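Peer 1: My structure is stored as input-v1.tsv, with TSV, C-alpha atoms.
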```tsv
chain	number	residue	atom	x	y	z
S	24	MET	CA	57.27	244.74	100.87
S	25	ALA	CA	55.65	247.33	103.10
S	26	LYS	CA	54.13	244.57	105.21
S	27	THR	CA	57.58	242.95	105.63
S	28	ASN	CA	59.13	246.22	106.80
S	29	LYS	CA	56.26	246.79	109.18
S	30	ARG	CA	56.73	243.29	110.60
S	31	LYS	CA	60.46	243.95	111.10
S	32	ILE	CA	59.72	247.18	112.93
S	33	ILE	CA	57.31	245.39	115.24
S	34	VAL	CA	59.86	242.62	115.93
S	35	LEU	CA	62.61	245.16	116.66
S	36	PHE	CA	60.30	247.13	118.94
S	37	ILE	CA	59.44	243.99	120.90
S	38	PHE	CA	63.14	243.06	121.10
S	39	TYR	CA	64.23	246.44	122.41
S	40	THR	CA	61.32	246.68	124.84
S	41	ILE	CA	61.51	243.19	126.33
S	42	ILE	CA	65.23	242.43	126.09
S	43	LEU	CA	67.28	245.57	125.73
S	44	LEU	CA	65.37	247.99	127.98
S	45	PRO	CA	65.59	245.78	131.11
S	46	LEU	CA	69.28	245.25	130.43
S	47	ILE	CA	69.86	249.00	130.19
S	48	LEU	CA	67.90	249.63	133.39
S	49	TRP	CA	69.88	246.95	135.22
S	50	ILE	CA	73.21	248.41	134.05
S	51	LEU	CA	72.09	251.89	135.11
S	52	TRP	CA	71.23	250.51	138.56
S	53	LEU	CA	74.68	248.89	138.82
S	54	LEU	CA	76.32	252.20	137.90
S	55	THR	CA	74.32	254.17	140.48
S	56	PRO	CA	76.57	255.04	143.45
S	57	LYS	CA	75.77	253.54	146.82
S	58	LYS	CA	74.61	255.94	149.53
S	59	GLU	CA	75.72	255.23	153.08
S	60	ILE	CA	73.19	255.84	155.82
S	61	SER	CA	72.62	254.16	159.16
S	62	VAL	CA	68.96	253.10	159.45
S	63	LEU	CA	67.23	251.57	162.49
S	64	ILE	CA	63.97	249.80	161.64
S	65	PHE	CA	61.62	248.72	164.44
S	66	ASP	CA	59.11	246.00	163.59
S	67	LYS	CA	57.51	243.88	166.33
S	68	THR	CA	54.98	242.15	164.07
S	69	VAL	CA	57.11	239.91	161.84
S	70	LEU	CA	55.23	236.61	161.64
S	71	LYS	CA	57.22	235.21	158.71
S	72	LYS	CA	60.65	235.82	157.21
S	73	GLU	CA	59.12	237.61	154.20
S	74	CYS	CA	58.77	240.57	156.58
S	75	VAL	CA	55.77	242.12	154.82
S	76	GLU	CA	55.40	244.59	157.71
S	77	HIS	CA	58.51	246.50	156.58
S	78	ARG	CA	58.97	245.05	153.10
S	79	GLY	CA	57.94	248.20	151.23
S	80	PHE	CA	60.61	250.28	152.96
S	81	ASN	CA	63.36	247.70	152.34
S	82	TRP	CA	62.46	247.69	148.64
S	83	ILE	CA	63.14	251.43	148.59
S	84	LEU	CA	66.45	251.05	150.43
S	85	LYS	CA	67.71	248.46	147.96
S	86	ASN	CA	66.36	250.02	144.77
S	87	THR	CA	67.84	253.42	145.60
S	88	LYS	CA	71.05	251.78	146.93
S	89	TYR	CA	71.01	253.04	150.50
S	90	VAL	CA	73.56	250.88	152.31
S	91	LYS	CA	75.14	250.47	155.73
S	92	TYR	CA	78.46	252.09	156.50
S	93	ASP	CA	80.25	248.83	155.67
S	94	ARG	CA	78.81	249.26	152.14
S	95	SER	CA	76.57	246.18	152.42
S	96	PHE	CA	72.86	246.25	151.61
S	97	TYR	CA	70.23	246.07	154.33
S	98	ASN	CA	68.97	242.53	154.87
S	99	ILE	CA	65.17	242.50	155.15
S	100	SER	CA	65.07	239.56	157.59
S	101	LYS	CA	68.05	240.57	159.76
S	102	ASP	CA	68.58	244.33	159.86
S	103	TYR	CA	65.81	245.48	162.16
S	104	TYR	CA	64.81	245.45	165.83
S	105	GLY	CA	61.80	243.55	167.12
S	106	PHE	CA	60.51	240.01	166.66
S	107	PHE	CA	62.49	237.40	164.69
S	108	PRO	CA	60.76	234.13	163.73
S	109	LEU	CA	62.98	231.03	163.62
S	110	GLU	CA	62.43	227.43	162.57
S	111	ASN	CA	60.17	225.02	164.50
S	112	GLU	CA	58.02	227.79	166.03
S	113	LYS	CA	60.98	229.29	167.87
S	114	PHE	CA	61.81	232.99	167.92
S	115	ILE	CA	64.17	235.58	169.34
S	116	VAL	CA	63.60	239.21	170.32
S	117	LYS	CA	66.00	242.07	169.74
S	118	ASP	CA	64.96	245.35	171.30
S	119	PHE	CA	65.96	247.98	173.88
S	120	LYS	CA	64.42	246.35	176.95
S	121	ASN	CA	67.67	245.62	178.80
S	122	LEU	CA	69.53	248.79	177.81
S	123	ASN	CA	70.30	251.71	180.09
S	124	GLU	CA	70.02	255.39	179.20
S	125	ASN	CA	73.67	255.60	178.20
S	126	ASP	CA	73.14	252.72	175.77
S	127	ILE	CA	70.15	254.52	174.27
S	128	GLU	CA	72.21	257.69	173.95
S	129	ASN	CA	74.92	255.81	172.07
S	130	LEU	CA	72.36	254.28	169.72
S	131	SER	CA	70.89	257.70	168.98
S	132	ARG	CA	74.38	258.86	167.99
S	133	LYS	CA	75.04	255.78	165.87
S	134	TYR	CA	71.91	255.88	163.71
S	135	ASP	CA	71.07	258.58	161.18
S	136	MET	CA	67.36	257.76	161.07
S	137	THR	CA	64.69	255.41	162.37
S	138	TYR	CA	61.46	253.96	161.02
S	139	TYR	CA	58.98	252.55	163.56
S	140	THR	CA	56.86	250.40	161.25
S	141	ASP	CA	54.64	248.15	163.38
S	142	MET	CA	54.65	247.85	167.18
S	143	TYR	CA	51.46	245.77	167.44
S	144	GLY	CA	53.23	242.49	168.10
S	145	ILE	CA	52.70	238.75	167.79
S	146	TYR	CA	49.86	236.83	169.43
S	147	ARG	CA	49.60	233.20	170.46
S	148	GLU	CA	47.08	231.80	167.99
S	149	GLU	CA	48.55	233.45	164.88
S	150	TRP	CA	52.02	232.31	165.95
S	151	ASN	CA	50.88	228.73	166.51
S	152	ARG	CA	49.00	228.67	163.19
S	153	GLN	CA	51.68	230.65	161.29
S	154	GLU	CA	48.99	232.75	159.65
S	155	GLU	CA	46.89	235.81	160.43
S	156	TYR	CA	44.33	234.77	163.05
S	157	THR	CA	41.08	236.69	163.04
S	158	GLU	CA	40.16	236.32	166.71
S	159	HIS	CA	41.91	237.83	169.72
S	160	SER	CA	44.40	235.72	171.68
S	161	PRO	CA	47.06	236.33	174.38
S	162	LYS	CA	50.08	238.45	173.43
S	163	ILE	CA	53.48	236.85	172.99
S	164	TYR	CA	55.32	240.10	172.32
S	165	GLY	CA	54.50	243.67	171.33
S	166	GLY	CA	53.95	247.31	172.22
S	167	MET	CA	56.38	250.18	172.65
S	168	ASP	CA	58.34	250.37	175.89
S	169	TYR	CA	59.94	253.33	177.67
S	170	ASN	CA	63.43	252.87	176.18
S	171	GLU	CA	61.97	252.87	172.67
S	172	TYR	CA	60.21	256.13	173.48
S	173	LEU	CA	63.45	257.49	174.96
S	174	PHE	CA	65.31	256.61	171.76
S	175	LEU	CA	62.78	258.63	169.76
S	176	LYS	CA	63.21	261.56	172.14
S	177	LYS	CA	66.99	261.52	171.71
S	178	MET	CA	66.72	261.16	167.94
S	179	LYS	CA	64.44	264.19	167.86
S	180	GLU	CA	66.89	266.19	170.00
S	181	LYS	CA	69.67	265.36	167.54
S	182	LYS	CA	67.44	266.34	164.60
S	183	LYS	CA	67.63	262.85	163.12
S	184	LEU	CA	65.00	261.59	160.67
S	185	ILE	CA	62.00	259.80	162.24
S	186	ILE	CA	59.34	258.04	160.17
S	187	SER	CA	56.40	256.32	161.88
S	188	GLU	CA	52.99	254.95	161.01
S	189	PHE	CA	49.86	253.07	162.03
S	190	ASN	CA	50.21	250.92	165.18
S	191	PHE	CA	53.02	253.19	166.30
S	192	ILE	CA	51.41	253.83	169.71
S	193	HIS	CA	48.22	251.76	169.67
S	194	HIS	CA	47.38	248.65	171.69
S	195	PRO	CA	49.30	247.04	173.36
S	196	THR	CA	51.54	250.07	174.01
S	197	PRO	CA	50.97	251.26	177.62
S	198	TYR	CA	48.87	254.41	177.95
S	199	TYR	CA	51.63	256.50	179.55
S	200	ILE	CA	54.06	255.66	176.73
S	201	ARG	CA	51.45	256.69	174.18
S	202	LYS	CA	50.90	260.01	175.93
S	203	ASN	CA	54.64	260.67	176.07
S	204	VAL	CA	54.98	260.04	172.33
S	205	GLU	CA	51.95	262.18	171.50
S	206	GLU	CA	53.37	265.08	173.53
S	207	LEU	CA	56.80	264.58	171.98
S	208	PHE	CA	55.52	264.91	168.41
S	209	GLY	CA	52.40	267.04	168.80
S	210	PHE	CA	49.56	264.76	167.75
S	211	LYS	CA	46.80	262.72	169.36
S	212	TRP	CA	45.17	259.42	168.49
S	213	THR	CA	41.38	259.46	168.98
S	214	GLY	CA	41.22	255.76	169.83
S	215	TRP	CA	39.57	254.89	166.50
S	216	THR	CA	40.97	252.62	163.79
S	217	ALA	CA	39.24	251.58	160.57
S	218	ARG	CA	39.55	249.33	157.55
S	219	TYR	CA	37.75	248.65	154.28
S	220	PHE	CA	36.63	245.05	153.65
S	221	ASP	CA	35.57	243.89	150.19
S	222	SER	CA	32.85	241.66	151.64
S	223	PHE	CA	30.96	241.44	154.93
S	224	ASP	CA	29.71	237.97	154.05
S	225	THR	CA	30.89	235.94	157.06
S	226	ILE	CA	31.05	232.72	155.04
S	227	LYS	CA	32.79	233.99	151.89
S	228	ASN	CA	35.28	236.42	153.44
S	229	LEU	CA	37.70	234.53	155.67
S	230	GLU	CA	39.80	237.68	156.18
S	231	LEU	CA	36.94	239.38	158.00
S	232	PRO	CA	38.09	239.32	161.66
S	233	ARG	CA	35.94	237.06	163.81
S	234	TRP	CA	36.38	239.51	166.69
S	235	VAL	CA	34.68	242.24	164.62
S	236	ILE	CA	31.66	239.97	164.08
S	237	ARG	CA	31.60	238.90	167.73
S	238	LEU	CA	31.81	242.44	169.12
S	239	TYR	CA	29.20	243.81	166.72
S	240	ARG	CA	26.76	241.06	167.60
S	241	GLN	CA	27.34	241.64	171.31
S	242	GLN	CA	26.54	245.33	170.85
S	243	HIS	CA	23.57	244.88	168.44
S	244	ASN	CA	21.32	242.14	169.82
S	245	ASN	CA	23.21	239.31	168.13
S	246	THR	CA	22.53	240.69	164.63
S	247	TRP	CA	24.86	240.88	161.60
S	248	PRO	CA	22.88	242.46	158.75
S	249	PHE	CA	25.80	242.99	156.33
S	250	THR	CA	26.72	241.20	153.09
S	251	LYS	CA	28.24	243.88	150.82
S	252	ASP	CA	31.59	245.67	151.17
S	253	GLY	CA	32.23	248.66	153.43
S	254	ILE	CA	34.23	250.13	156.31
S	255	VAL	CA	34.63	248.88	159.87
S	256	PHE	CA	35.44	251.43	162.59
S	257	VAL	CA	36.79	250.08	165.87
S	258	HIS	CA	37.42	252.07	169.05
S	259	GLU	CA	40.00	251.00	171.63
S	260	ASN	CA	37.11	250.51	174.08
S	261	SER	CA	35.79	247.80	171.67
S	262	THR	CA	32.93	249.89	170.24
S	263	ILE	CA	32.19	248.81	166.66
S	264	CYS	CA	30.64	251.01	163.95
S	265	ILE	CA	30.08	249.55	160.46
S	266	LEU	CA	29.18	251.44	157.29
S	267	GLU	CA	28.05	249.25	154.40
S	268	ASN	CA	28.30	250.18	150.75
S	269	GLU	CA	25.04	251.57	149.31
S	270	THR	CA	23.29	251.17	152.66
S	271	ASP	CA	25.49	253.75	154.41
S	272	LEU	CA	28.12	254.79	151.87
S	273	ASN	CA	28.04	256.53	148.51
S	274	PHE	CA	31.59	255.28	147.84
S	275	PRO	CA	32.85	252.23	149.74
S	276	VAL	CA	36.60	252.86	150.09
S	277	PRO	CA	38.37	255.67	151.96
S	278	LYS	CA	40.09	258.05	149.57
S	279	ILE	CA	43.33	259.86	150.28
S	280	LEU	CA	43.22	263.44	149.04
S	281	THR	CA	46.49	265.38	148.87
S	282	ASN	CA	46.82	269.15	148.85
S	283	GLU	CA	48.64	271.05	146.12
S	284	TYR	CA	51.78	271.43	148.22
S	285	GLY	CA	51.98	267.66	148.75
S	286	VAL	CA	51.27	266.81	145.12
S	287	ASP	CA	54.07	269.11	143.96
S	288	LYS	CA	56.59	268.14	146.65
S	289	TYR	CA	56.15	264.37	146.55
S	290	ASN	CA	54.91	263.85	142.98
S	291	ILE	CA	51.86	261.91	144.12
S	292	PRO	CA	48.26	261.90	142.85
S	293	ALA	CA	45.74	264.33	144.28
S	294	GLU	CA	43.38	261.41	144.90
S	295	ILE	CA	43.89	257.68	145.50
S	296	ASN	CA	41.99	254.83	147.17
S	297	TYR	CA	43.30	253.15	150.32
S	298	SER	CA	41.84	249.86	151.52
S	299	PHE	CA	43.88	248.67	154.53
S	300	TRP	CA	44.11	249.61	158.23
S	301	ILE	CA	44.05	253.30	159.19
S	302	ASP	CA	43.83	255.31	162.39
S	303	ILE	CA	42.13	258.58	163.20
S	304	SER	CA	44.79	260.90	164.61
S	305	PHE	CA	45.12	264.68	164.56
S	306	PRO	CA	47.97	267.16	165.01
S	307	VAL	CA	47.23	269.10	168.20
S	308	ASN	CA	48.76	272.36	166.97
S	309	SER	CA	50.36	273.94	163.93
S	310	ILE	CA	53.81	272.34	164.34
S	311	ASN	CA	52.78	269.48	162.01
S	312	ARG	CA	51.73	270.12	158.43
S	313	THR	CA	48.97	267.87	157.08
S	314	ILE	CA	49.84	266.73	153.54
S	315	SER	CA	47.01	264.28	152.84
S	316	THR	CA	43.65	263.43	154.38
S	317	PHE	CA	41.47	260.34	154.50
S	318	ASN	CA	37.98	261.09	153.22
S	319	ILE	CA	34.90	258.96	153.91
S	320	TYR	CA	31.78	259.30	151.71
S	321	PRO	CA	28.67	258.44	153.75
S	322	ASN	CA	25.08	258.97	152.68
S	323	ASN	CA	22.61	260.50	155.14
S	324	ARG	CA	22.20	257.25	157.06
S	325	GLY	CA	25.95	256.70	157.26
S	326	ASP	CA	26.58	260.28	158.28
S	327	SER	CA	24.12	259.85	161.15
S	328	LEU	CA	26.00	256.74	162.34
S	329	LEU	CA	29.35	258.54	162.23
S	330	ARG	CA	27.98	261.54	164.12
S	331	ARG	CA	26.55	259.23	166.78
S	332	HIS	CA	30.07	257.91	167.43
S	333	ASN	CA	31.86	261.26	166.92
S	334	ILE	CA	33.78	259.84	163.95
S	335	PRO	CA	34.88	262.51	161.45
S	336	ILE	CA	34.54	262.03	157.70
S	337	VAL	CA	37.86	263.82	157.01
S	338	PHE	CA	41.04	263.24	159.02
S	339	PRO	CA	44.82	263.23	158.39
S	340	ALA	CA	46.45	260.45	156.40
S	341	PHE	CA	49.98	261.89	156.34
S	342	PHE	CA	51.50	264.78	158.25
S	343	GLU	CA	55.04	266.03	158.65
S	344	HIS	CA	57.34	268.31	160.59
S	345	ASP	CA	60.46	269.08	158.53
S	346	GLU	CA	61.89	272.24	160.04
S	347	ASP	CA	63.95	272.14	163.27
S	348	TYR	CA	63.57	268.33	163.36
S	349	ARG	CA	62.18	265.76	160.91
S	350	PHE	CA	59.11	263.74	161.88
S	351	TYR	CA	56.73	262.05	159.44
S	352	TYR	CA	53.58	260.14	160.36
S	353	PHE	CA	51.52	257.86	158.12
S	354	ALA	CA	48.09	257.25	159.69
S	355	GLY	CA	47.79	253.93	157.87
S	356	ASP	CA	49.59	250.62	157.54
S	357	PHE	CA	51.36	252.00	154.47
S	358	VAL	CA	54.63	250.04	154.56
S	359	ASP	CA	52.92	246.64	154.90
S	360	SER	CA	53.17	245.14	151.43
S	361	ASP	CA	53.74	241.91	149.53
S	362	ILE	CA	55.71	243.93	146.99
S	363	SER	CA	57.89	241.76	144.74
S	364	PHE	CA	61.67	242.20	144.73
S	365	ASN	CA	61.92	240.87	141.15
S	366	PHE	CA	62.59	244.33	139.70
S	367	VAL	CA	64.40	245.91	142.62
S	368	TYR	CA	67.74	245.88	140.73
S	369	PHE	CA	66.41	248.02	137.88
S	370	LYS	CA	66.80	251.77	137.71
S	371	TRP	CA	63.44	253.61	137.82
S	372	ALA	CA	61.60	250.32	138.44
S	373	ASP	CA	59.01	252.11	140.56
S	374	TYR	CA	58.34	254.63	137.79
S	375	PHE	CA	57.50	251.89	135.28
S	376	GLN	CA	55.51	249.73	137.69
S	377	LYS	CA	53.14	252.49	138.70
S	378	TYR	CA	51.67	252.30	135.19
S	379	LEU	CA	51.09	248.54	135.37
S	380	TYR	CA	48.38	248.72	138.00
S	381	SER	CA	44.99	250.40	138.08
S	382	GLU	CA	42.37	251.14	140.70
S	383	SER	CA	39.79	248.89	139.05
S	384	LYS	CA	39.97	246.69	142.15
S	385	LEU	CA	39.10	248.85	145.13
S	386	ASN	CA	41.26	246.79	147.49
S	387	ALA	CA	44.34	246.60	145.22
S	388	ARG	CA	46.99	247.94	147.58
S	389	ILE	CA	49.83	247.50	145.09
S	390	ASN	CA	48.57	250.50	143.12
S	391	PHE	CA	48.71	252.57	146.30
S	392	ASN	CA	52.24	251.36	147.02
S	393	TRP	CA	53.73	252.49	143.69
S	394	ASN	CA	51.77	255.68	143.25
S	395	TYR	CA	51.71	257.06	146.79
S	396	TYR	CA	53.90	255.36	149.40
S	397	VAL	CA	57.08	254.81	147.38
S	398	PRO	CA	57.32	258.35	145.94
S	399	ILE	CA	56.83	259.91	149.39
S	400	VAL	CA	59.42	257.82	151.20
S	401	LYS	CA	61.93	258.14	148.38
S	402	LYS	CA	61.57	261.94	148.52
S	403	ILE	CA	61.90	262.01	152.33
S	404	MET	CA	65.04	259.89	152.14
S	405	GLU	CA	66.51	261.88	149.26
S	406	ASP	CA	66.07	265.24	150.99
S	407	TYR	CA	67.46	263.95	154.27
S	408	TYR	CA	70.44	262.25	152.66
S	409	ASP	CA	71.31	265.44	150.79
S	410	ASP	CA	71.28	267.32	154.09
S	411	LEU	CA	73.59	264.73	155.66
S	412	GLU	CA	75.98	265.04	152.72
S	413	ASN	CA	76.05	268.84	152.99
S	414	LYS	CA	76.81	268.98	156.70
```
Take the structure in this file and express it as structure tokens.

Peer 2:
Amino acid sequence: MAKTNKRKIIVLFIFYTIILLPLILWILWLLTPKKEISVLIFDKTVLKKECVEHRGFNWILKNTKYVKYDRSFYNISKDYYGFFPLENEKFIVKDFKNLNENDIENLSRKYDMTYYTDMYGIYREEWNRQEEYTEHSPKIYGGMDYNEYLFLKKMKEKKKLIISEFNFIHHPTPYYIRKNVEELFGFKWTGWTARYFDSFDTIKNLELPRWVIRLYRQQHNNTWPFTKDGIVFVHENSTICILENETDLNFPVPKILTNEYGVDKYNIPAEINYSFWIDISFPVNSINRTISTFNIYPNNRGDSLLRRHNIPIVFPAFFEHDEDYRFYYFAGDFVDSDISFNFVYFKWADYFQKYLYSESKLNARINFNWNYYVPIVKKIMEDYYDDLENK
């Protein structure tokens, strides 16, 4: 009899967990009021309609029910500026190139916030192949232009929310535009970018960029002595520095460490791995507050290599200015994600999903997405929306 009751309890628990809980979460999402806010997303690197380059942000918009002023949801493949892939290798571009200053002024009045996600662009070979191409090829479209800088300037003047991240001002953005943006927001890019790769085996790892291999061999007597995992550092002048796990590194993946203020404010972990593209940028004065830092863990040999190239082992991952204007910078390709929209219509879906993933795989970016990126952006949006409502 006791065994029968125990079996019933288990069956009921499974029923409520698998059937009833999702239903409740879906109903709660339906009952959550929509929040109207006008958002301008810039993404010049959309190769396919899945829009992975701004997908993480659109998941947040839909899950938290931020909508346009006509009460409709933001469409991930339509509601942005930049590059739009079409059928049969055709495309269109929607940007500010042909606008005058008065047009830019009107846009800065229309939109409540902007997110510049990826200005790198689209290049011939990856467009022709419809997949990420790991060797350099001529640009089809990309880089920030003057009007896009001017829009940022006017948004800052109006104290509108500005979120930006990796490849915000890098190649192929013209140098003078980069300098204007750096002066506008008080930070400076060193010219260095970096990324963790889970294997340097040139045969096994097809994601390892061929241009990295080519440049390293050109600079090191045609040698490629790497087979393990590790970190590639690339300067805009094409200098390559590689730190291999065990050979040069005590821990192979960059870690993001967050200070106590950031942990409390954004409800994020004090430490988390990050395995995708990053840049080495620094605030030039105290107007920006550093929330998190990237930390590299070289051994003596690796430390010597980094010193030779003037590459720091600690540098900002996320900094903010949230006083007289609102500017947030992620020094990594944080929004880029293949995040699934299967649970986007469930209340607190992000809270539950953060417990489904672990850091057992060093390059598992989905864990980073739920535990770090989503909580930060949701908090930024929540605080800003509350301010808009109270004006």

Peer 1: Ranking S:Pro306, S:Pro275, S:Gly253, S:Gly214 by minimum distance to S:Ile334 and counting all atoms listed in the file, which one comes first?

Peer 2: S:Gly214

Peer 1: Can you work out which one of S:Phe107, S:Phe317, S:Tyr164, S:Phe357 has the shortest atom-to-atom distance to S:Arg78, counting all atoms listed in the file?

Peer 2: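 Answer, going by the shortest atom-to-atom distance: S:Phe357.
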
Peer 1: Would you list the contacts of stretch 354-356 of chain S as an MDAnalysis selection string, taking every protein, DNA or RNA residue within 10 Å and counting only C-alpha atoms, but skipping same-chain residues closer than 2 positions in sequence?

Peer 2: chainID S and resid 76:77 140:141 187:191 212 216:218 297:305 315:317 338:342 351:352 358:360

Peer 1: One decimal, Å: what's the distance from atom CA of S:Leu238 over to atom CA of S:Phe274, could you say?

Peer 2: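 Computing the Euclidean distance for atom CA of S:Leu238 and atom CA of S:Phe274 yields 24.9 Å.
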
Peer 1: Could you state the separation of atom CA of S:Gln376 and atom CA of S:Lys57 in Å, given to one decimal place?

Peer 2: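 Between atom CA of S:Gln376 and atom CA of S:Lys57 the gap works out to 22.5 Å.
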
Peer 1: Go ahead and fit an axis-aligned box to every listed atom of stretch 115-133 of chain S plus 8 Å each side, and pass me the centre and edge lengths in Å, one decimal, as lines of an AutoDock Vina configuration file.

Peer 2:
```
center_x = 69.3
center_y = 247.2
center_z = 173.0
size_x = 27.4
size_y = 39.3
size_z = 30.2
```

Peer 1: For atom CA of S:Lys58 and atom CA of S:Lys88, quote the distance in Å rounded to one decimal.

Peer 2: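 So the two atoms, atom CA of S:Lys58 and atom CA of S:Lys88, lie 6.1 Å apart.
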
Peer 1: With all atoms listed in the file as the counted atoms, please give the residues lying no more than 12 Å from S:Leu122, apart from itself and same-chain residues fewer than 6 positions off, as a ChimeraX atom specification.

Peer 2: /S:128-130,168-171,173-174

Peer 1: Using all atoms listed in the file, which protein or nucleic acid residues come within 9 Å of S:Ala372? Drop anything in the same chain fewer than 6 positions from it, and give the result as a PyMOL selection string.

Peer 2: chain S and resi 48+86+366

Peer 1: S:Tyr407: which residues within 12 Å, counting all atoms listed in the file, same-chain residues fewer than 3 positions away excluded, as a PDB file with C-alpha atoms, in the coordinates of the input?

Peer 2:
```
ATOM      1  CA  LYS S  58      74.610 255.940 149.530  1.00  0.00           C
ATOM      2  CA  ILE S  60      73.190 255.840 155.820  1.00  0.00           C
ATOM      3  CA  ASP S 135      71.070 258.580 161.180  1.00  0.00           C
ATOM      4  CA  MET S 136      67.360 257.760 161.070  1.00  0.00           C
ATOM      5  CA  LYS S 182      67.440 266.340 164.600  1.00  0.00           C
ATOM      6  CA  LYS S 183      67.630 262.850 163.120  1.00  0.00           C
ATOM      7  CA  LEU S 184      65.000 261.590 160.670  1.00  0.00           C
ATOM      8  CA  ILE S 185      62.000 259.800 162.240  1.00  0.00           C
ATOM      9  CA  ILE S 186      59.340 258.040 160.170  1.00  0.00           C
ATOM     10  CA  ASP S 345      60.460 269.080 158.530  1.00  0.00           C
ATOM     11  CA  GLU S 346      61.890 272.240 160.040  1.00  0.00           C
ATOM     12  CA  TYR S 348      63.570 268.330 163.360  1.00  0.00           C
ATOM     13  CA  ARG S 349      62.180 265.760 160.910  1.00  0.00           C
ATOM     14  CA  PHE S 350      59.110 263.740 161.880  1.00  0.00           C
ATOM     15  CA  VAL S 400      59.420 257.820 151.200  1.00  0.00           C
ATOM     16  CA  LYS S 401      61.930 258.140 148.380  1.00  0.00           C
ATOM     17  CA  LYS S 402      61.570 261.940 148.520  1.00  0.00           C
ATOM     18  CA  ILE S 403      61.900 262.010 152.330  1.00  0.00           C
ATOM     19  CA  MET S 404      65.040 259.890 152.140  1.00  0.00           C
ATOM     20  CA  ASP S 410      71.280 267.320 154.090  1.00  0.00           C
ATOM     21  CA  LEU S 411      73.590 264.730 155.660  1.00  0.00           C
ATOM     22  CA  GLU S 412      75.980 265.040 152.720  1.00  0.00           C
ATOM     23  CA  ASN S 413      76.050 268.840 152.990  1.00  0.00           C
ATOM     24  CA  LYS S 414      76.810 268.980 156.700  1.00  0.00           C
TER      25      LYS S 414
END
```

Peer 1: Taking 3 positions as the minimum chain separation for residues in the same chain, which residues sit within 10 Å of S:Phe249 when counting all atoms listed in the file? Answer as a list in words.

Peer 2: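 The residues that qualify are Ser222, Phe223, Asp224, Thr225, Thr246, Asp252, Gly253, Ile265, Leu266, Glu267, Asn268 and Thr270 of chain S.
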
Peer 1: Please rebuild stretch 42-53 of chain S with N, CA and C atoms and return the result as a CSV table (one decimal), keeping the file's coordinate frame.

Peer 2:
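out-v1.csv, written as the output of this step:
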```csv
chain,number,residue,atom,x,y,z
S,42,ILE,N,63.9,242.9,125.8
S,42,ILE,CA,65.2,242.4,126.1
S,42,ILE,C,66.2,243.6,126.4
S,43,LEU,N,66.3,244.5,125.6
S,43,LEU,CA,67.3,245.6,125.7
S,43,LEU,C,67.0,246.6,126.8
S,44,LEU,N,65.7,247.0,127.0
S,44,LEU,CA,65.4,248.0,128.0
S,44,LEU,C,65.7,247.5,129.4
S,45,PRO,N,65.2,246.3,129.8
S,45,PRO,CA,65.6,245.8,131.1
S,45,PRO,C,67.1,245.7,131.3
S,46,LEU,N,67.8,245.3,130.3
S,46,LEU,CA,69.3,245.2,130.4
S,46,LEU,C,69.9,246.6,130.7
S,47,ILE,N,69.4,247.6,130.0
S,47,ILE,CA,69.9,249.0,130.2
S,47,ILE,C,69.5,249.5,131.6
S,48,LEU,N,68.3,249.2,132.1
S,48,LEU,CA,67.9,249.6,133.4
S,48,LEU,C,68.7,248.9,134.5
S,49,TRP,N,69.1,247.7,134.3
S,49,TRP,CA,69.9,247.0,135.2
S,49,TRP,C,71.3,247.5,135.3
S,50,ILE,N,71.9,247.8,134.1
S,50,ILE,CA,73.2,248.4,134.0
S,50,ILE,C,73.2,249.8,134.7
S,51,LEU,N,72.2,250.6,134.5
S,51,LEU,CA,72.1,251.9,135.1
S,51,LEU,C,72.0,251.8,136.6
S,52,TRP,N,71.3,250.7,137.1
S,52,TRP,CA,71.2,250.5,138.6
S,52,TRP,C,72.6,250.1,139.1
S,53,LEU,N,73.3,249.3,138.4
S,53,LEU,CA,74.7,248.9,138.8
S,53,LEU,C,75.6,250.1,138.9
```
